[in-house]
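Input: a single structure, listed below in structure tokens.
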Amino acid sequence: MTDAGVAVETLSLSLGAFRLDAVDFAAARGEILVVLGPNGSGKSVTLETIAGFHRPESGRVWIAGRDVTALPPERRKIGFVVQNFGLFPHLDVEANVALARRGGRNGSGKAALPLSGDPRALLKYFGVAHLARRRPADLSPGEKQRVALARAVAGAPDLFLFDEPFSALDAQTRGELRDELKAFLRELKIPAIFVSHDHSEALTLADKIVVLRGGVMLQSGPTAEIFQKPAAAAVARIVGVENILDGRIAATDGGIAAIAVGDRTLRALAPARFAGPGTPVRLSIRAEDVSIAAPAEASAPAPESEPARNRLDGKILGLRALGALVAIEIDCGLPLKAYLLGPQARAMKLGAGDAVTVEIAGDAIHVMTG
Amino acid sequence: MTDAGVAVETLSLSLGAFRLDAVDFAAARGEILVVLGPNGSGKSVTLETIAGFHRPESGRVWIAGRDVTALPPERRKIGFVVQNFGLFPHLDVEANVALARRGGRNGSGKAALPLSGDPRALLKYFGVAHLARRRPADLSPGEKQRVALARAVAGAPDLFLFDEPFSALDAQTRGELRDELKAFLRELKIPAIFVSHDHSEALTLADKIVVLRGGVMLQSGPTAEIFQKPAAAAVARIVGVENILDGRIAATDGGIAAIAVGDRTLRALAPARFAGPGTPVRLSIRAEDVSIAAPAEASAPAPESEPARNRLDGKILGLRALGALVAIEIDCGLPLKAYLLGPQARAMKLGAGDAVTVEIAGDAIHVMTG
Amino acid sequence: MAWLIAAGSAHAGGERAAPSRPRGLYLLCWFLGSLLTAFLVVPLLALTLSQSWTGFSDVARMADVRDAIVLSLEGAFLSATLAALAGVPLAYGLARTSFPGKGVVEALIDLPLAVPHTVAGIALLMVFGRQGVLGEPLAALVGLKFWGTLAGIVVAMLFVSAPYTVNAARIGFAAVDPRLEKIARTLGLNPWRTFWRITLPLARRGIMTGVTLTYARSISEFGAVVILVYYPMTAPVKIYELFLRFGLDQAASAAVLLLFVSLGLFLILRALSRGAPERENR
Amino acid sequence: MAWLIAAGSAHAGGERAAPSRPRGLYLLCWFLGSLLTAFLVVPLLALTLSQSWTGFSDVARMADVRDAIVLSLEGAFLSATLAALAGVPLAYGLARTSFPGKGVVEALIDLPLAVPHTVAGIALLMVFGRQGVLGEPLAALVGLKFWGTLAGIVVAMLFVSAPYTVNAARIGFAAVDPRLEKIARTLGLNPWRTFWRITLPLARRGIMTGVTLTYARSISEFGAVVILVYYPMTAPVKIYELFLRFGLDQAASAAVLLLFVSLGLFLILRALSRGAPERENR
């Protein structure tokens, strides 16, 4: 398997009524892989199996080219970070870091890192040397994260595991710590598996995403692919697609499929797998890809020459401010949700009840047969 | 004071080291007022004083035209909803609602409501009649919210108080429940005070906002005013303004002020209060108001005739996907953050290091003297 | 006790021991744990098994033994009731307020836990005895005597057992979210109704645990009772007397009878107080 | 106890009683609470104040009283140590694993709490006595005798007091976040080091509470000890003998001496086990 990365091969196990079924993925050195799924999807079980806390019924776990499936956690060389960062409350910051005294025997090719096993040096690297004598309870979330990383690095890990470390934090702190974590991980060049139920967290952090539900892997791939081309409606929902429509293929012509949704027809790139006319499909359209033309423009003739550009007339049902965005609900014969930036929406003077024309690029409509 | 609303008059009290200082606000019938502030700002203390759990040192509380300052909580006619909704775990749903048996003596002018004091009818109104025999522990967050509302309404309240009911929920559920709550409150026409530390929650829910920090009221007013014209940098930070710049007034000409920020000059609407040249000011600019012109356009001559439109040349430092948005860090001599919709950013093919021209409308720059 | 060790290892296998399972650590735990459990159970088992049915039923038919057991039950019942009536309010006050010297009050309440039983008896005799600080005036004024009466037995039992009710109920009250009480108030319930409808039911498990421990401690007390009130004899005193007068065998039959009564009620109360845990409202 | 009521009302004023403050409820709590606290403290106070310094120092100079107190301390120390050695691992096993019949094991461990003390003595006599199931072979094979020895005293003390250590330590272990143990494992600590460095320190308060309660229960035990081992006399037995032979006064002097020793150590242990609470890592 991958040399300096992590790989999980057809991992299966049962825990009470829960079953994890043939989970299979890999991440290379320096990559961040996010396991995304709702509660109860088996994200944490997967992580803890990689860490060695559950014995799989079948499958293998490779870390940095070693088959660790039979090893106990203490010999897997893992940095494990959990919710609230899991610092030991009875030890001060330095003692937390000093607990892992494996710094000496460095793993595969990490000699390039500016890190020795010395707790003081590690704390300095993470910018928290001044906190060495403090107790975890006295630290801010940001300081806790840095100490937790310093402690994990002190164990000379070949892999980082993150079990929703930010889930107890407010939105703003979460965003800040996420950026900081990403920067550190880029610098440390150690592969990381991060578990989350929050698709925006996955979008910001992940190089690769594995979507899990009910112990089953629904899809895995690069982040952009998962978000733009979800394999099934279940994935689209998990990655937060705002518009998921039921339709039926009316015709396919070259790479373009005409899809009947209610009494409207949308043109989209045909799905990769063959699907003849009549096949029921689902469409995934991101709200930011639904663009709103000012009502005045609606009278302009649609440039029908552009093969896969959809124009629909509709009426605004309502607007809602969402921070920098305005969410607009539109009835075009089919229900659509669109996003605009606040100033754009204000400039267009949109209001509930207004007639608008909506445009959706054909390649922004993703056709799912699942 | 207001007849069917709620009013707090110069409320002050000390609790240990904390002091709440002359808090003063009012909300009319059917209005939602959000008290926004960081942890420790006194939000919850304010709410609990209105509910009657702390005796103020000075000031009065009026609910529906009654001075309730001296009344115990049970005689104030308040519906109180807390984090996780605070259902009584030892009682089933119907018993939770039946506990408040004041439905008969309705308060001021709520006879129009389709609500009697009958628990069954209330549960039906909130769409949870089928859950009457269930225990709170078996309910979803959405069901809990509806039961909590039914229970609060059973007490025939003249005022709703919400103490961060959503803070333990994930982002998606939070958004859904927020919309639902707003719809119910609109229908019930009972004034509501909602405490939050989350400015996006405040933006979605509030008709009016009171910004609190360290027990002191920093600003109060209609939602749009608070978000667009924060009175001071502290408020701008609390309502999540992305760009807060230090500057100095160079000149004022009519309603337009020229403000020196570093070696650049920005033109903005002059502050309402007189501030002569040399006055140090702070600028608040929302990231969605920083619009990016494609690099090609940069060569076009700036229409200097437009008096308060700022154009700045700069370089992109980095881009970051944030759900539907892309956040763009730009160095224009001064650091700026801009938001674009994902498809817009992709269409412009922006990349780190690219030279761009940035435009900011003069009325999108808010000048703060505090 | 082989079954205990077996249960431990069956478990390790049953849950698909991970490579992580600290086998050695758990084995030591189960070994030492089984030893201790055996040490606590074997004497009770040996005592029970030593009795033939005839000897046992002979003793069960002795009026003085039966009277002693009934007296013990009465005393323990009254002691637990009094502890609940005064201890539960005290526990609520300690859980819901803070004041200077609260730590001292809590320490004072714990003191009887470490008072040797015969010392407790002598201290109580000083206060409630024939020439006691309270015993003398109370007898003279209202005719309430603590020598040779159930009242004395209850006093001795209550002294050694009340701390359990206060401590367990305090923990029970402390676990009740004060926000639930606040919500009840806004719904129109006054402080008393809030206490009865919300606080008390939610602290039920802690209170029941306390009452159970107080009952158990009361019915088992010997030293304080034997000094303060020799007659009428409670069951533990009766058994001691049988042991001194007739030796082990006769005492053992009565001991088994008392053991069954005492443990039976204890296990019922214990099951009630453990009940279905009130699930958290999350 | 007027100061207690005063403390309660001073508090109500000090915290600026809100219109919400359930005054009536708290007043009742403080009234009943003060009564109960007085009932627990007054006898100890009365006993202490009854002693003149001369009578007290006379008794303190009696070798047999001093020997009895030392023996009690030795016994309680050994009992608490044994309870910790076997009870802490058992508590860890109960807190960290689940298996069919776990509830039964927990009930078995609680049984001694409700066994009347003289019944416990008789049951222990059946096992550890001269003709006991274990007492006879152990004496014959390794010369370990439980009659007339410290070993017997420790056995009696341990039987009545071990459940406290198991229960308190179990609660202490249950409160330790298992994720902290998992993190320690990933940092390279094996199960044993994880237990010593992480689990045990974090469960320290629960364990110390258990040991304190076990010590207190051991030093105060009378009924089980007096039946299993009359000689050598522990302090509670000695006081009972003084009471029977010389009456209240002589017994009271010895009782005060034992009370001071017993409570002093208890309050120190109690303070240690309460210590600064390990703040939660949030």
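A note on labels: chains of the structure tokens are A, B, ... as shown, every chain counts residues from 1, and ligands are counted from 1 in their shown order.
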### Task
Output as a VMD selection string the set of chain C residues within 6 Å of chain B, with distances taken over only C-alpha atoms.
chain C and resid 180 183 185 to 189 281
With only C-alpha atoms counted and 10 Å as the cut-off, give the residues of chain B in contact with chain A, each with its shortest interatomic distance in Å and the pair that gives it, as a Markdown table.
```
| residue | atom | partner | partner_atom | distance |
| --- | --- | --- | --- | --- |
| B:Ser167 | CA | A:Asp170 | CA | 8.3 |
| B:Ala168 | CA | A:Ala168 | CA | 7.9 |
| B:Leu169 | CA | A:Ala168 | CA | 9.6 |
| B:Asp170 | CA | A:Asp198 | CA | 7.9 |
| B:Ala171 | CA | A:Asp198 | CA | 7.7 |
| B:Gln172 | CA | A:Asp198 | CA | 8.5 |
| B:Gly175 | CA | A:Leu322 | CA | 9.7 |
| B:Asp179 | CA | A:Arg320 | CA | 9.7 |
| B:His197 | CA | A:Asp170 | CA | 8.6 |
| B:Asp198 | CA | A:Ala171 | CA | 7.7 |
| B:His199 | CA | A:Gly323 | CA | 8.2 |
| B:Ser200 | CA | A:Gly323 | CA | 5.6 |
| B:Glu201 | CA | A:Leu322 | CA | 8.6 |
| B:Ala202 | CA | A:Gly323 | CA | 9.7 |
| B:Leu203 | CA | A:Gly323 | CA | 7.0 |
| B:Thr204 | CA | A:Ala321 | CA | 6.2 |
| B:Leu205 | CA | A:Ala321 | CA | 9.6 |
| B:Phe227 | CA | A:Gly323 | CA | 9.7 |
| B:Val239 | CA | A:Gly323 | CA | 9.7 |
| B:Gly240 | CA | A:Gly323 | CA | 8.8 |
| B:Val241 | CA | A:Ala324 | CA | 9.9 |
| B:Arg286 | CA | A:Ala324 | CA | 8.1 |
| B:Ala287 | CA | A:Ala324 | CA | 7.7 |
| B:Glu288 | CA | A:Ala324 | CA | 5.9 |
| B:Asp289 | CA | A:Pro343 | CA | 6.3 |
| B:Val290 | CA | A:Pro343 | CA | 9.5 |
| B:Ser291 | CA | A:Pro343 | CA | 9.4 |
| B:Arg320 | CA | A:Thr204 | CA | 7.4 |
| B:Ala321 | CA | A:Thr204 | CA | 6.2 |
| B:Leu322 | CA | A:Thr204 | CA | 6.5 |
| B:Gly323 | CA | A:Ser200 | CA | 5.6 |
| B:Ala324 | CA | A:Glu288 | CA | 5.8 |
| B:Leu325 | CA | A:Glu288 | CA | 8.2 |
| B:Tyr339 | CA | A:Ala324 | CA | 7.8 |
| B:Leu340 | CA | A:Leu341 | CA | 7.3 |
| B:Leu341 | CA | A:Glu288 | CA | 6.4 |
| B:Gly342 | CA | A:Glu288 | CA | 6.8 |
| B:Pro343 | CA | A:Asp289 | CA | 6.3 |
| B:Gln344 | CA | A:Glu288 | CA | 9.0 |
| B:Ala364 | CA | A:Pro343 | CA | 9.3 |
```
### Task
Can you pull out every residue within 6 Å of region 23-40 of chain A, counting only C-alpha atoms, but drop anything in the same chain fewer than 3 positions away, and send it as a PyMOL selection string?
chain A and resi 4-11+189-197+202+206-213
Selection above as a file: C-alpha atoms, as a JSON list (two decimals), in the first residue's frame:
```
[["chain", "number", "residue", "atom", "x", "y", "z"],
["A", 4, "ALA", "CA", 4.16, 7.10, 3.90],
["A", 5, "GLY", "CA", 0.39, 7.40, 4.02],
["A", 6, "VAL", "CA", -2.48, 5.51, 5.53],
["A", 7, "ALA", "CA", -4.70, 2.89, 3.93],
["A", 8, "VAL", "CA", -7.74, 1.04, 5.13],
["A", 9, "GLU", "CA", -8.59, -2.12, 3.20],
["A", 10, "THR", "CA", -12.17, -3.49, 3.26],
["A", 11, "LEU", "CA", -12.52, -2.95, 6.99],
["A", 189, "LYS", "CA", 3.33, 16.70, 6.22],
["A", 190, "ILE", "CA", 1.79, 13.89, 8.25],
["A", 191, "PRO", "CA", -1.38, 12.37, 6.79],
["A", 192, "ALA", "CA", -4.53, 13.13, 8.75],
["A", 193, "ILE", "CA", -7.96, 11.56, 9.00],
["A", 194, "PHE", "CA", -10.59, 13.93, 10.30],
["A", 195, "VAL", "CA", -14.08, 12.87, 11.27],
["A", 196, "SER", "CA", -16.95, 15.35, 10.93],
["A", 197, "HIS", "CA", -20.69, 15.65, 10.46],
["A", 202, "ALA", "CA", -15.16, 19.03, 5.32],
["A", 206, "ALA", "CA", -10.37, 18.05, 3.12],
["A", 207, "ASP", "CA", -8.21, 16.99, 0.24],
["A", 208, "LYS", "CA", -10.27, 13.83, 0.02],
["A", 209, "ILE", "CA", -13.65, 12.95, 1.45],
["A", 210, "VAL", "CA", -15.20, 9.62, 2.42],
["A", 211, "VAL", "CA", -18.98, 9.79, 2.88],
["A", 212, "LEU", "CA", -20.33, 7.28, 5.38],
["A", 213, "ARG", "CA", -23.89, 6.46, 6.36]]
```
### Task
Quick one: everything within 9 Å of Val237 (chain D), counting only C-alpha atoms, minus sequence neighbours fewer than 6 positions away in the same chain. Send it as a list in words.
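My list of contacting residues is Thr118 of chain C; Ala68, Phe222, Gly223, Val225, Val226, Tyr230 and Tyr231 of chain D.
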### Message
Please return, as a PyMOL selection string, all residues of region 97-252 of chain C that DSSP assigns to helix (DSSP H, G or I) on the basis of the backbone.
### Response
chain C and resi 102-114+117-128+135-142+150-174+178-186+191-202+204-220+223-228+235-246+248-252
### Pick from D:Thr37, D:Ser72, D:Gln250, D:Thr54, whichever lies nearest to chain C using only C-alpha atoms
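With only C-alpha atoms as the atom set, the closest residue is D:Thr37.
For the pair CA of His366 (chain A) and CA of Leu283 (chain A), the separation is 5.6 Å.
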Show me, as a short mmCIF file (atom, residue, chain, number, x, y, z; two decimals) with all heavy atoms, in the first residue's frame, the residues that have an atom within 12 Å of Leu312 (chain A) when counting only C-alpha atoms, minus same-chain residues fewer than 5 positions from it.
```
data_model
loop_
_atom_site.label_atom_id
_atom_site.label_comp_id
_atom_site.auth_asym_id
_atom_site.auth_seq_id
_atom_site.Cartn_x
_atom_site.Cartn_y
_atom_site.Cartn_z
N ASP A 263 -43.36 19.73 -15.13
CA ASP A 263 -43.67 20.03 -16.53
C ASP A 263 -42.57 20.88 -17.18
O ASP A 263 -42.76 21.42 -18.26
CB ASP A 263 -45.04 20.72 -16.64
CG ASP A 263 -45.12 21.96 -15.79
OD1 ASP A 263 -44.13 22.22 -15.05
OD2 ASP A 263 -46.13 22.66 -15.84
N ARG A 264 -41.44 21.01 -16.51
CA ARG A 264 -40.32 21.73 -17.10
C ARG A 264 -39.29 20.73 -17.61
O ARG A 264 -39.26 19.57 -17.17
CB ARG A 264 -39.65 22.64 -16.05
CG ARG A 264 -40.56 23.69 -15.45
CD ARG A 264 -41.04 24.64 -16.54
NE ARG A 264 -41.92 25.67 -15.98
CZ ARG A 264 -41.56 26.95 -15.86
NH1 ARG A 264 -40.36 27.34 -16.24
NH2 ARG A 264 -42.41 27.83 -15.38
N THR A 265 -38.44 21.21 -18.49
CA THR A 265 -37.35 20.37 -18.97
C THR A 265 -36.03 21.08 -18.73
O THR A 265 -35.89 22.26 -19.06
CB THR A 265 -37.52 20.07 -20.48
OG1 THR A 265 -38.77 19.43 -20.67
CG2 THR A 265 -36.41 19.17 -20.96
N LEU A 266 -35.12 20.38 -18.12
CA LEU A 266 -33.79 20.95 -17.87
C LEU A 266 -32.78 20.19 -18.72
O LEU A 266 -32.88 18.97 -18.88
CB LEU A 266 -33.43 20.82 -16.38
CG LEU A 266 -34.29 21.62 -15.40
CD1 LEU A 266 -33.89 21.28 -13.97
CD2 LEU A 266 -34.13 23.12 -15.65
N ARG A 267 -31.80 20.94 -19.22
CA ARG A 267 -30.75 20.28 -19.97
C ARG A 267 -29.48 20.22 -19.13
O ARG A 267 -29.11 21.23 -18.51
CB ARG A 267 -30.51 20.99 -21.30
CG ARG A 267 -31.48 20.47 -22.37
CD ARG A 267 -31.59 21.44 -23.52
NE ARG A 267 -31.97 22.75 -23.02
CZ ARG A 267 -31.63 23.89 -23.62
NH1 ARG A 267 -30.89 23.87 -24.69
NH2 ARG A 267 -32.02 25.03 -23.14
N VAL A 290 -27.54 28.69 -9.10
CA VAL A 290 -28.80 29.18 -9.65
C VAL A 290 -28.67 30.70 -9.71
O VAL A 290 -28.71 31.37 -8.68
CB VAL A 290 -29.99 28.78 -8.75
CG1 VAL A 290 -31.29 29.33 -9.31
CG2 VAL A 290 -30.05 27.28 -8.60
N SER A 291 -28.47 31.25 -10.91
CA SER A 291 -28.26 32.70 -10.96
C SER A 291 -29.54 33.38 -11.39
O SER A 291 -30.33 32.84 -12.16
CB SER A 291 -27.08 33.06 -11.86
OG SER A 291 -27.37 32.70 -13.18
N ILE A 292 -29.75 34.56 -10.83
CA ILE A 292 -30.99 35.27 -11.04
C ILE A 292 -30.74 36.43 -11.98
O ILE A 292 -29.88 37.28 -11.71
CB ILE A 292 -31.56 35.76 -9.70
CG1 ILE A 292 -31.92 34.54 -8.86
CG2 ILE A 292 -32.77 36.65 -9.91
CD1 ILE A 292 -32.56 34.88 -7.56
N ALA A 293 -31.45 36.45 -13.08
CA ALA A 293 -31.36 37.58 -13.99
C ALA A 293 -32.40 38.59 -13.53
O ALA A 293 -33.48 38.22 -13.09
CB ALA A 293 -31.67 37.12 -15.41
N PRO A 295 -35.41 41.09 -13.50
CA PRO A 295 -36.67 40.89 -14.22
C PRO A 295 -36.64 41.50 -15.61
O PRO A 295 -37.15 40.93 -16.56
CB PRO A 295 -37.70 41.60 -13.35
CG PRO A 295 -37.10 41.63 -11.98
CD PRO A 295 -35.64 41.63 -12.16
N ALA A 298 -35.48 39.53 -18.49
CA ALA A 298 -36.26 38.34 -18.80
C ALA A 298 -36.85 38.42 -20.21
O ALA A 298 -37.09 37.39 -20.85
CB ALA A 298 -37.37 38.15 -17.79
N SER A 299 -37.05 39.62 -20.69
CA SER A 299 -37.68 39.75 -22.00
C SER A 299 -36.69 39.50 -23.13
O SER A 299 -37.08 39.21 -24.25
CB SER A 299 -38.29 41.15 -22.14
OG SER A 299 -37.27 42.10 -21.93
N ALA A 302 -33.77 34.29 -25.21
CA ALA A 302 -32.79 33.37 -24.65
C ALA A 302 -31.83 32.93 -25.73
O ALA A 302 -32.27 32.57 -26.83
CB ALA A 302 -33.50 32.16 -24.06
N ILE A 330 -37.55 30.32 -4.91
CA ILE A 330 -38.21 30.68 -6.17
C ILE A 330 -39.10 29.53 -6.61
O ILE A 330 -38.73 28.35 -6.48
CB ILE A 330 -37.16 30.96 -7.27
CG1 ILE A 330 -36.18 32.03 -6.79
CG2 ILE A 330 -37.82 31.41 -8.57
CD1 ILE A 330 -34.88 32.00 -7.52
N ASP A 331 -40.27 29.87 -7.12
CA ASP A 331 -41.14 28.86 -7.70
C ASP A 331 -41.09 29.00 -9.22
O ASP A 331 -41.56 29.98 -9.79
CB ASP A 331 -42.58 29.06 -7.20
CG ASP A 331 -43.54 28.09 -7.88
OD1 ASP A 331 -43.05 27.12 -8.50
OD2 ASP A 331 -44.75 28.32 -7.79
N CYS A 332 -40.46 28.02 -9.88
CA CYS A 332 -40.35 28.05 -11.35
C CYS A 332 -41.15 26.89 -11.92
O CYS A 332 -40.74 26.28 -12.92
CB CYS A 332 -38.90 27.88 -11.79
SG CYS A 332 -37.78 29.09 -11.10
N GLY A 333 -42.24 26.54 -11.28
CA GLY A 333 -42.88 25.28 -11.66
C GLY A 333 -42.21 24.17 -10.86
O GLY A 333 -42.84 23.19 -10.47
N LEU A 334 -40.94 24.35 -10.59
CA LEU A 334 -40.24 23.48 -9.65
C LEU A 334 -39.62 24.38 -8.59
O LEU A 334 -39.30 25.54 -8.88
CB LEU A 334 -39.19 22.64 -10.38
CG LEU A 334 -38.34 23.32 -11.46
CD1 LEU A 334 -36.99 23.69 -10.92
CD2 LEU A 334 -38.20 22.39 -12.64
N PRO A 335 -39.51 23.90 -7.37
CA PRO A 335 -38.99 24.76 -6.31
C PRO A 335 -37.48 24.88 -6.42
O PRO A 335 -36.78 23.88 -6.56
CB PRO A 335 -39.39 24.01 -5.04
CG PRO A 335 -39.43 22.58 -5.44
CD PRO A 335 -39.79 22.53 -6.90
N LEU A 336 -36.97 26.09 -6.38
CA LEU A 336 -35.52 26.29 -6.44
C LEU A 336 -35.09 27.23 -5.34
O LEU A 336 -35.83 28.13 -4.94
CB LEU A 336 -35.12 26.89 -7.80
CG LEU A 336 -35.03 25.93 -8.98
CD1 LEU A 336 -34.72 26.69 -10.25
CD2 LEU A 336 -33.96 24.86 -8.73
N ALA A 355 -41.46 38.65 -10.31
CA ALA A 355 -41.18 37.67 -11.37
C ALA A 355 -39.70 37.78 -11.72
O ALA A 355 -39.16 38.88 -11.82
CB ALA A 355 -42.04 37.96 -12.59
N VAL A 356 -39.04 36.65 -11.84
CA VAL A 356 -37.62 36.66 -12.19
C VAL A 356 -37.34 35.56 -13.20
O VAL A 356 -38.14 34.63 -13.36
CB VAL A 356 -36.70 36.42 -10.96
CG1 VAL A 356 -36.67 37.62 -10.06
CG2 VAL A 356 -37.13 35.17 -10.22
N THR A 357 -36.21 35.71 -13.87
CA THR A 357 -35.75 34.63 -14.73
C THR A 357 -34.50 34.05 -14.08
O THR A 357 -33.64 34.78 -13.58
CB THR A 357 -35.40 35.17 -16.12
OG1 THR A 357 -36.59 35.74 -16.66
CG2 THR A 357 -34.91 34.05 -17.02
N VAL A 358 -34.47 32.75 -14.09
CA VAL A 358 -33.39 32.04 -13.41
C VAL A 358 -32.55 31.33 -14.46
O VAL A 358 -33.10 30.80 -15.43
CB VAL A 358 -34.04 31.04 -12.42
CG1 VAL A 358 -33.13 29.87 -12.18
CG2 VAL A 358 -34.41 31.75 -11.13
N GLU A 359 -31.26 31.37 -14.31
CA GLU A 359 -30.39 30.65 -15.24
C GLU A 359 -29.55 29.62 -14.50
O GLU A 359 -29.01 29.91 -13.43
CB GLU A 359 -29.44 31.63 -15.94
CG GLU A 359 -30.12 32.47 -16.99
CD GLU A 359 -29.09 33.14 -17.89
OE1 GLU A 359 -27.87 33.01 -17.62
OE2 GLU A 359 -29.49 33.79 -18.86
N ILE A 360 -29.46 28.46 -15.10
CA ILE A 360 -28.61 27.42 -14.52
C ILE A 360 -27.78 26.83 -15.64
O ILE A 360 -28.33 26.36 -16.65
CB ILE A 360 -29.44 26.29 -13.86
CG1 ILE A 360 -30.51 26.88 -12.94
CG2 ILE A 360 -28.54 25.34 -13.12
CD1 ILE A 360 -31.54 25.87 -12.49
N ALA A 361 -26.47 26.86 -15.48
CA ALA A 361 -25.61 26.26 -16.49
C ALA A 361 -25.83 24.75 -16.49
O ALA A 361 -26.04 24.14 -15.43
CB ALA A 361 -24.15 26.60 -16.20
#
```
### Message
So that I can check the surroundings of Ala91 (chain C), please list as a list in words every protein, DNA and RNA residue that reaches within 7 Å of it, counting only C-alpha atoms and ignoring chain neighbours fewer than 4 positions away.
### Response
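Residues meeting the cut-off are Gly87, Ala95, Val166, Asn167, Ala169 and Arg170 of chain C.
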Go ahead and dump the residues you just picked, N, CA, C and O atoms, as an mmCIF file, in the first residue's frame.
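To be explicit, this is the file written out as part.cif:
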```cif
data_model
loop_
_atom_site.group_PDB
_atom_site.id
_atom_site.type_symbol
_atom_site.label_atom_id
_atom_site.label_comp_id
_atom_site.auth_asym_id
_atom_site.auth_seq_id
_atom_site.Cartn_x
_atom_site.Cartn_y
_atom_site.Cartn_z
ATOM 1 N N GLY C 87 -33.630 15.382 56.885
ATOM 2 C CA GLY C 87 -32.414 15.334 56.074
ATOM 3 C C GLY C 87 -32.623 15.806 54.647
ATOM 4 O O GLY C 87 -31.740 16.440 54.061
ATOM 5 N N ALA C 95 -27.608 21.908 48.816
ATOM 6 C CA ALA C 95 -27.359 21.800 47.372
ATOM 7 C C ALA C 95 -27.639 23.103 46.652
ATOM 8 O O ALA C 95 -27.020 23.406 45.646
ATOM 9 N N VAL C 166 -28.612 12.614 54.216
ATOM 10 C CA VAL C 166 -28.248 13.986 53.836
ATOM 11 C C VAL C 166 -27.296 13.971 52.646
ATOM 12 O O VAL C 166 -27.499 14.690 51.662
ATOM 13 N N ASN C 167 -26.273 13.128 52.694
ATOM 14 C CA ASN C 167 -25.272 13.140 51.619
ATOM 15 C C ASN C 167 -25.849 12.675 50.287
ATOM 16 O O ASN C 167 -25.629 13.299 49.257
ATOM 17 N N ALA C 169 -29.024 12.545 49.317
ATOM 18 C CA ALA C 169 -30.048 13.458 48.814
ATOM 19 C C ALA C 169 -29.412 14.737 48.288
ATOM 20 O O ALA C 169 -29.860 15.289 47.279
ATOM 21 N N ARG C 170 -28.343 15.191 48.939
ATOM 22 C CA ARG C 170 -27.677 16.395 48.457
ATOM 23 C C ARG C 170 -27.119 16.181 47.060
ATOM 24 O O ARG C 170 -27.255 17.032 46.179
#
```
### Message
What's around Pro271 (chain A) at 9 Å? Count only C-alpha atoms, leave out sequence neighbours fewer than 5 positions away in its own chain, and write the answer as a list in words.
### Response
Gly255, Ile256, Ala257, His366, Val367, Met368 and Thr369 of chain A
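You can rank C:Leu124, C:Ala254, C:Leu248, C:Leu90 by their closest distance to Leu158 (chain C) using only C-alpha atoms, and at the top of that list sits C:Leu124.
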### Task
Run DSSP on the backbone of this structure and report the residues of region 134-365 of chain A it assigns to strand (DSSP E or B), as a ChimeraX atom specification.
/A:159-163,192-196,208-213,216-222,243-253,256-261,264-269,280-285,290-293,309-322,325-331,335-341,355-361,365
